[in-house]
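Reviewing the structure listed below.
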Amino acid sequence: MKRSLRLFSVVAMIGLYLIRPHISFAALDGGHDLTSSLWSKAVLQIPGFPVTLKWKVVGTDITPSGDQVISGYFYADPNDFAYGSEFNPEVFVKIYIATSGWCNIAFNHVTVDDVTVYSAHQYAGAAQQTGTAALTNRLVEHQYNGVAIQNTPQTNGTLAPITTGSGYVMTSGLLAKAILQPPIGQVTLIWKEVGSETTPSGDTVVSGYFYADPGDFSYGSEFNPEVFVKIYIAKSGWFNIAFNHVVTSG
């Protein structure tokens with residue numbers, strides 16, 4: 001996102017803070033349960049005004065290999081920020097829980113300001129791991145052992161993908177395509193749109209991701225992203241597409 005947009009949003013947030021004493025600061029928010037045993041929190045580090053972000057789960061699934069995958073993200077409350085939207089992620093999150101109990105939580109930074117992330121397994125009032133995601137360090141990973149798989153799928157409504165001969169229609173006039181590069185050869189990924197919305201500032205945001213077909217890969221799932229995508233279209237016509245890699249193959 002352009003720094004000019006962010007500066008405008010910071011000013012808007014400060015003004016809202018003066019009239020909205022309920023704004024959620026890091027010290028006043030306990031975070032979110034990502035599963036029954038995994039807890040996390042993300043704090044946007046606005047200078048002088050750290051703000052706890054809201055959590056949105058996109059969905060959970062069991063892969064053909066029997067592992068559990070969870071996709072979701074943290075976003076800024078539109079009541080606090082001019083650019084805030086349920087569909088404008090600040091930090092994408094991908095969780096992979098293997099049948100062995102090994103768990104990886106990948107936090108993917110897609111904003112301008114630093115974001116401090118926290119997590120815990122069997123949360124007891126304090127984070128067990130923390131890290132800071134930033135422009136110079138987009139990916140933060142936390143790992144745990146002994147995490148149980150839950151067979152309780154949870155999903156949010158999504159729009160069906162619109163395809164063309166050369167890719168997917170992500171929004172009006174914008175097409176995209178993602179190709180996984182495993183040793184077996186090129187494989188075209190499937191697009192999933194999470195949602196789109198107009199922010200309080202009048203800009204358009206779109207969130208979604210590309211995933212591997214479970215018919216092709218044992219780890220494939222509609223809720224196991226390979227590439228997260230965030231689109232921001234300003235009223236001026238300027239737009240940014242952020243592709244965020246979250247897989248080991250090219």
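We name chains A, B, ... following the order of the structure tokens; residues begin at 1 in each chain, and ligands are numbered from 1 as shown.
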
Could you pull out the strand (DSSP E or B) residues of segment 5-240 of chain A, going by DSSP on the backbone, and write them as JSON, numbers by chain? {"A": [25, 32, 33, 38, 39, 40, 41, 42, 43, 44, 45, 46, 49, 50, 51, 52, 54, 55, 56, 57, 58, 59, 60, 61, 62, 68, 69, 70, 71, 72, 73, 74, 75, 89, 90, 91, 92, 93, 94, 95, 96, 97, 103, 104, 105, 106, 107, 108, 109, 115, 116, 117, 118, 119, 120, 121, 129, 130, 131, 132, 133, 134, 137, 139, 140, 141, 142, 143, 144, 155, 159, 162, 163, 164, 167, 168, 169, 170, 171, 174, 175, 176, 179, 180, 187, 188, 190, 191, 192, 193, 194, 195, 196, 197, 198, 204, 205, 206, 207, 208, 209, 210, 211, 225, 226, 227, 228, 229, 230, 231, 232, 233, 239, 240]}

Residues at most 9 Å from segment 166-177 of chain A, counting only C-alpha atoms, excluding those fewer than 5 positions away in the same chain, as a PDB file with N, CA and C atoms, in the first residue's frame?
```
ATOM      1  N   PRO A 161     -15.146 -18.975  -8.265  1.00  0.00           N
ATOM      2  CA  PRO A 161     -14.176 -18.350  -9.168  1.00  0.00           C
ATOM      3  C   PRO A 161     -14.722 -18.227 -10.581  1.00  0.00           C
ATOM      4  N   THR A 188      -0.977 -25.778 -12.739  1.00  0.00           N
ATOM      5  CA  THR A 188      -1.739 -24.541 -12.537  1.00  0.00           C
ATOM      6  C   THR A 188      -2.571 -24.643 -11.268  1.00  0.00           C
ATOM      7  N   LEU A 189      -2.460 -23.635 -10.414  1.00  0.00           N
ATOM      8  CA  LEU A 189      -3.197 -23.609  -9.157  1.00  0.00           C
ATOM      9  C   LEU A 189      -4.612 -23.074  -9.361  1.00  0.00           C
ATOM     10  N   ILE A 190      -5.473 -23.347  -8.374  1.00  0.00           N
ATOM     11  CA  ILE A 190      -6.881 -22.941  -8.423  1.00  0.00           C
ATOM     12  C   ILE A 190      -7.070 -21.678  -7.593  1.00  0.00           C
ATOM     13  N   TRP A 191      -7.849 -20.744  -8.095  1.00  0.00           N
ATOM     14  CA  TRP A 191      -8.098 -19.470  -7.407  1.00  0.00           C
ATOM     15  C   TRP A 191      -9.311 -19.577  -6.495  1.00  0.00           C
ATOM     16  N   GLU A 193     -11.548 -16.867  -4.137  1.00  0.00           N
ATOM     17  CA  GLU A 193     -11.776 -15.517  -3.619  1.00  0.00           C
ATOM     18  C   GLU A 193     -12.412 -15.603  -2.247  1.00  0.00           C
ATOM     19  N   SER A 196     -14.600  -9.322  -1.225  1.00  0.00           N
ATOM     20  CA  SER A 196     -14.228  -7.975  -1.662  1.00  0.00           C
ATOM     21  C   SER A 196     -15.163  -6.974  -1.011  1.00  0.00           C
ATOM     22  N   VAL A 206      -9.710  -6.654  -2.246  1.00  0.00           N
ATOM     23  CA  VAL A 206     -10.057  -8.032  -2.600  1.00  0.00           C
ATOM     24  C   VAL A 206      -9.036  -8.950  -1.938  1.00  0.00           C
ATOM     25  N   GLY A 208      -7.865 -13.185  -1.341  1.00  0.00           N
ATOM     26  CA  GLY A 208      -8.044 -14.545  -1.813  1.00  0.00           C
ATOM     27  C   GLY A 208      -6.717 -15.265  -1.898  1.00  0.00           C
ATOM     28  N   PHE A 210      -4.417 -18.752  -4.164  1.00  0.00           N
ATOM     29  CA  PHE A 210      -4.338 -19.900  -5.067  1.00  0.00           C
ATOM     30  C   PHE A 210      -3.984 -21.143  -4.247  1.00  0.00           C
ATOM     31  N   ILE A 231      -5.429  -7.496  -3.038  1.00  0.00           N
ATOM     32  CA  ILE A 231      -5.563  -6.456  -4.065  1.00  0.00           C
ATOM     33  C   ILE A 231      -6.125  -5.197  -3.420  1.00  0.00           C
TER      34      ILE A 231
END
```

Residues near Ile70 of chain A, cut-off 10 Å, only C-alpha atoms, skip fewer than 4 positions along chain, as a PyMOL selection string: chain A and resi 34-35+57-62+93-97+105+153-155+221-225

How would the residues just chosen look if you wrote them out with C-alpha atoms as a compact mmCIF listing (two decimals), in the first residue's frame?
```txt
# COMPACT_ATOMS: atom_id res chain seq x y z
CA LEU A 34 -7.47 -20.25 16.06
CA THR A 35 -8.40 -23.79 17.13
CA VAL A 57 -10.96 -17.65 9.62
CA VAL A 58 -11.43 -18.53 5.94
CA GLY A 59 -11.75 -22.26 6.42
CA THR A 60 -10.39 -25.55 7.72
CA ASP A 61 -10.02 -28.92 6.06
CA ILE A 62 -8.39 -32.36 6.25
CA VAL A 93 -2.09 -16.88 8.33
CA LYS A 94 -1.62 -20.47 7.17
CA ILE A 95 -1.66 -23.30 9.72
CA TYR A 96 -0.56 -26.85 8.90
CA ILE A 97 -1.02 -29.60 11.50
CA ILE A 105 1.88 -21.35 11.81
CA PRO A 153 -14.36 -28.01 9.47
CA GLN A 154 -15.24 -24.31 9.65
CA THR A 155 -15.78 -22.13 6.61
CA SER A 221 -6.97 -28.46 -0.13
CA GLU A 222 -9.28 -25.55 -0.79
CA PHE A 223 -8.09 -24.20 2.58
CA ASN A 224 -4.34 -24.83 2.15
CA PRO A 225 -3.09 -21.73 0.28
```

Nearest to Pro182 of chain A, chosen from A:Phe74, A:Phe92, A:Tyr118, A:Phe217, with only C-alpha atoms counted in the distances: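 Among the listed residues, the smallest separation from Pro182 of chain A belongs to A:Phe217.
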